[in-house]
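Student: Sharing a structure with you now.
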Amino acid sequence: MDEELLEDFLVEAGELIDALDGQLIDLESRPEDTELLNAVFRAFHTVKGGAGFLGLSPLVEVCHDAEEVLNALRGAHRALDAAAMDAILGALDDVRRMFGEIRAGRPPSPATPAVLAALRRTLADEHAVASVEAEFAAEEAGARGHQASPAARVLEQPRQTDPVEAAFEQMLAASAPPASPEAEAGGADDLITDDEFEDLLDQLQAAGKGSAATPPAEVKPEPPASPAPQPAPSTARAEAPSPTPGAAKGASSSASASEPVEATLRVASARIDGIMNQVGELVLVRNRLAALRARVGDEEVQRAFAQLNLVTSDLQASVMHLRMQSVGKVFGRFTRVVRDLARQLDKQVELVTEGESTELDKGMVESLVDPLVHLVRNAVDHGIESPAAREAVGKSACGRVTLSARQEGSHIVIIVADDGAGMDPERIRSKAIERGLIDSRTALQMPEEDVLQLIFMAGFSTRDAVSEVSGRGVGMDVVRSQIARINGQVHLQSESGGGSRVVIRLPLTLAILPTLMVVVDDRRFALPLPVVDEIIEFNRQERTVLDGQEVLSRRGEVLPLLDLYRWLKTDEPAPEDQSVVIATAGDRRVALVVDRLLGQEEVVIKSLGRRLEALPGFAGATITGDGDIALIIDVASLHAHWGALSDAAEVSLELVAPSVRVPAGV
Amino acid sequence: MDKSMKILIVDDFSTMRRIIKNLLRELGFNNTVEADDGDSALPVLKAGGIDFLITDWNMPNMPGIELLKHVRADPATRDLPVLMLTAEASREQIVQAAEAGVNGYVIKPFTAQTLEQKISKIFERLAMAS
């Protein structure tokens, strides 16, 4: 099959799949919502239809079975129980696994037998309920003395149709003469053959019905004045290769002339990344021009540059906006996470989401998933108490986890809050001392707010801590480093008995990084500004060796010393008047010795290319205003690899510094 | 059968519309337009010039069967040949569609050959009736 078609299918069907988690959880709380049930049914149905054409039979199989269960639910008016929901969610997981395989370029492996078995078991149950109901209805009819005709019995059976279709059926039953014999004889599962269909058309034609027959009187020739309750989602999807796209679009906008139709264009994200890159190049040229501008006195040139500057900034903002995605896409997954975990722990937890429409850079949205899953799981697992414990302290049995997002200036703030037991700073304090993360004198002077942050330190989290400090701190260091990787910061607030809040602050975009430009050995390096805490003069007297590692003692704090000059040039004497940049590397502060400070510069991050990507200590490269290349230092990685790096300094220097070329078009 | 006839493809899933468009192109039918459900198909039909309608059954807002009924109710389109796409040949559904005036149905997934047969069959019957 056509690769491009498969690609389209993965994107479009993928959106349906992504929406399903949330829809299914909603459905569990609102089983009577037939619109929602139909939407869920249709999603599986649609995926199955597409998969059929693309020859993805395992996908067809699992979607088909899920569809059968949902169809049974549509017919048998009975609450969707947790077992049925688990079966359908299981199917959804299987579908997602197959999507992953297809995306990775492999054919999907067969449907998981346990998933199919669960679906079929649910279906068997549903059938049992449905047929019991039907029997009961028939008996009742008999008891009332009305001998139900076979046709009536068929109609009494729970229908497996849309409400619209059901209404039409009733209309037919009420007004139309008895339908053709086949219609009465056949049950819902009865299939028609081509020949039978031809015969049926013959009969209808003979009776003056069928094609071009008089329409049923009830059908209004005009579409309903007020359209469907939900706004038609992006009615006109522009499709480039359509011979007359204008016709379709124009027509559908005339359908609802009063409301503007928003045309949506699907573009592969790689293309947008490509444009982003080119804009990045443009920004670099602009920066270079800005540096050269001083040499030209001509006012007209200055004006033209000012304009170029403006247009470039606008263009950059627009392209950045293209990469934006709403965090709602991520938040949507958590209803499922919370539900499954609460069910597993016998807790009652509701998830409230706020600010789903807040937009973030696409790359960041993806990188947020893992840390957020961690935080939300923590909130449910360790934050929210058992229903009994909650009631004992006068709270409602059902706990609440709130996931919210909002923009604050050039930052996005994401908060994971729970109304659980909260954390006791005193226990965190003693735990941190016990683990040797902090000396007791410092610990005792620390304000409570700072004490809470200790749980983000590596080594705080242990199994022991789970039980003693309401389990927080489990992998919180990992959360912190994941957030740091996207230049974000994380902060914990907690109130004993009143719940906890984890506040994540993120920059709006990853594409542009504010940096501190420094010089080491006449080479330029960029330090990401978010990790820079302090700049001080380098005083060699403050330098000591502790456990074989060079450190800098400063106001009672001992900081690992990373001398960049020595790293790059092991033998030559260091220049005079060096400076120290104190930066945060993951969960601790380090001191970087640099030759000179140049100042702040916003840079466009360029990847080092596949061959150099894994090089420790570097986050990428950038082109500076005067056309030079500067390597961007990843402080956390530099610190983590410092031992090995300083030993092998010459090797890494060979690899990196003299020969770096930023690959074009990366 | 006129290969240049204008065919309207109605399906809410754009990938499916592309699949059908590709199959039609394989058969030499290059004149196609698209709509993503009954609601947006009606104005296209009203605008005129559509010679053949291929519609999915299961769509949000206005399902295929409703679209069919609207088509048959409007004097301008009552003779328009309609081919319905369904997931299975459920007798109940097909009878319902036949009574609403469908000219043919095709079960997904299908090949270009099947689609061609279905379309030819519809035109044969129309020729016989007139």
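Ordering of the structure tokens sets the chain letters (A, B, ...), residue numbers begin anew at 1 in every chain, and ligands are numbered from 1 in the order given.
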At a cut-off of 8 Å, which residues of chain B touch chain A? Count only C-alpha atoms and give the answer as a PyMOL selection string.

Tutor: chain B and resi 13-16+18-19+31-36+39-41+43-44+47+58-61+69-70+72-74+78-79+81+87-92+94-95+98-103+108-110

Student: Could you write out that same residue set with C-alpha atoms as a short mmCIF file (atom, residue, chain, number, x, y, z; two decimals), in the first residue's frame?

Tutor:
data_model
loop_
_atom_site.label_atom_id
_atom_site.label_comp_id
_atom_site.auth_asym_id
_atom_site.auth_seq_id
_atom_site.Cartn_x
_atom_site.Cartn_y
_atom_site.Cartn_z
CA PHE B 13 -12.50 10.09 7.60
CA SER B 14 -10.27 11.92 5.14
CA THR B 15 -7.96 8.92 4.74
CA MET B 16 -10.97 6.90 3.58
CA ARG B 18 -8.39 9.42 -0.30
CA ILE B 19 -8.53 5.65 -0.53
CA ASN B 31 -13.59 13.94 -11.59
CA THR B 32 -14.22 13.72 -7.87
CA VAL B 33 -15.24 16.08 -5.10
CA GLU B 34 -15.37 15.39 -1.39
CA ALA B 35 -17.45 16.22 1.65
CA ASP B 36 -16.92 15.06 5.20
CA ASP B 39 -24.34 18.15 6.37
CA SER B 40 -21.54 19.40 4.20
CA ALA B 41 -22.52 17.17 1.26
CA PRO B 43 -24.88 22.12 -0.26
CA VAL B 44 -22.49 20.52 -2.77
CA ALA B 47 -25.06 23.44 -6.17
CA ASN B 58 -21.67 5.80 9.64
CA MET B 59 -20.88 9.50 10.00
CA PRO B 60 -21.40 12.11 12.70
CA ASN B 61 -23.93 14.94 12.28
CA LYS B 69 -33.27 10.40 2.25
CA HIS B 70 -32.55 14.07 1.71
CA ARG B 72 -34.37 11.40 -2.68
CA ALA B 73 -36.62 14.08 -1.17
CA ASP B 74 -35.16 16.86 -3.27
CA ARG B 78 -34.00 12.41 -6.63
CA ASP B 79 -32.62 10.51 -9.62
CA PRO B 81 -27.38 7.25 -8.34
CA ALA B 87 -18.91 -2.23 7.15
CA GLU B 88 -21.05 -5.32 6.79
CA ALA B 89 -23.92 -6.56 4.67
CA SER B 90 -26.38 -6.52 7.55
CA ARG B 91 -29.74 -7.40 6.03
CA GLU B 92 -31.53 -4.97 8.26
CA ILE B 94 -29.33 -2.89 3.52
CA VAL B 95 -33.09 -3.30 3.42
CA ALA B 98 -32.93 -0.04 -0.31
CA GLU B 99 -36.24 1.29 0.92
CA ALA B 100 -34.77 4.74 1.24
CA GLY B 101 -33.76 4.43 -2.41
CA VAL B 102 -30.13 3.35 -2.49
CA ASN B 103 -28.86 2.05 -5.84
CA LYS B 108 -15.44 -2.21 3.16
CA PRO B 109 -12.72 -3.05 2.43
CA PHE B 110 -13.11 -3.48 -1.32
#

Student: To test your reading of the structure, identify every residue in segment 46-114 of chain B that backbone DSSP assigns to strand (DSSP E), and report it as an MDAnalysis selection string.

Tutor: chainID B and resid 52:56 82:86 104:107

Student: Which residues are close to Met5 of chain B, i.e. within 8 Å by only C-alpha atoms, leaving aside same-chain residues fewer than 5 positions away? Reply as a ChimeraX atom specification.

Tutor: /B:29,31,50-52

Student: Selected residues, N, CA and C atoms, written as a PDB file, in the first residue's frame, please.

Tutor:
ATOM      1  N   PHE B  29     -11.857   7.198 -13.205  1.00  0.00           N
ATOM      2  CA  PHE B  29     -12.749   8.290 -12.796  1.00  0.00           C
ATOM      3  C   PHE B  29     -11.907   9.349 -12.099  1.00  0.00           C
ATOM      4  N   ASN B  31     -12.835  12.746 -11.962  1.00  0.00           N
ATOM      5  CA  ASN B  31     -13.586  13.942 -11.593  1.00  0.00           C
ATOM      6  C   ASN B  31     -14.304  13.719 -10.262  1.00  0.00           C
ATOM      7  N   ILE B  50     -23.363  17.185  -9.793  1.00  0.00           N
ATOM      8  CA  ILE B  50     -22.895  15.890  -9.307  1.00  0.00           C
ATOM      9  C   ILE B  50     -23.663  14.786 -10.056  1.00  0.00           C
ATOM     10  N   ASP B  51     -22.887  13.815 -10.594  1.00  0.00           N
ATOM     11  CA  ASP B  51     -23.518  12.745 -11.367  1.00  0.00           C
ATOM     12  C   ASP B  51     -23.624  11.440 -10.593  1.00  0.00           C
ATOM     13  N   PHE B  52     -22.835  11.327  -9.542  1.00  0.00           N
ATOM     14  CA  PHE B  52     -22.825  10.056  -8.823  1.00  0.00           C
ATOM     15  C   PHE B  52     -22.421  10.362  -7.375  1.00  0.00           C
TER      16      PHE B  52
END
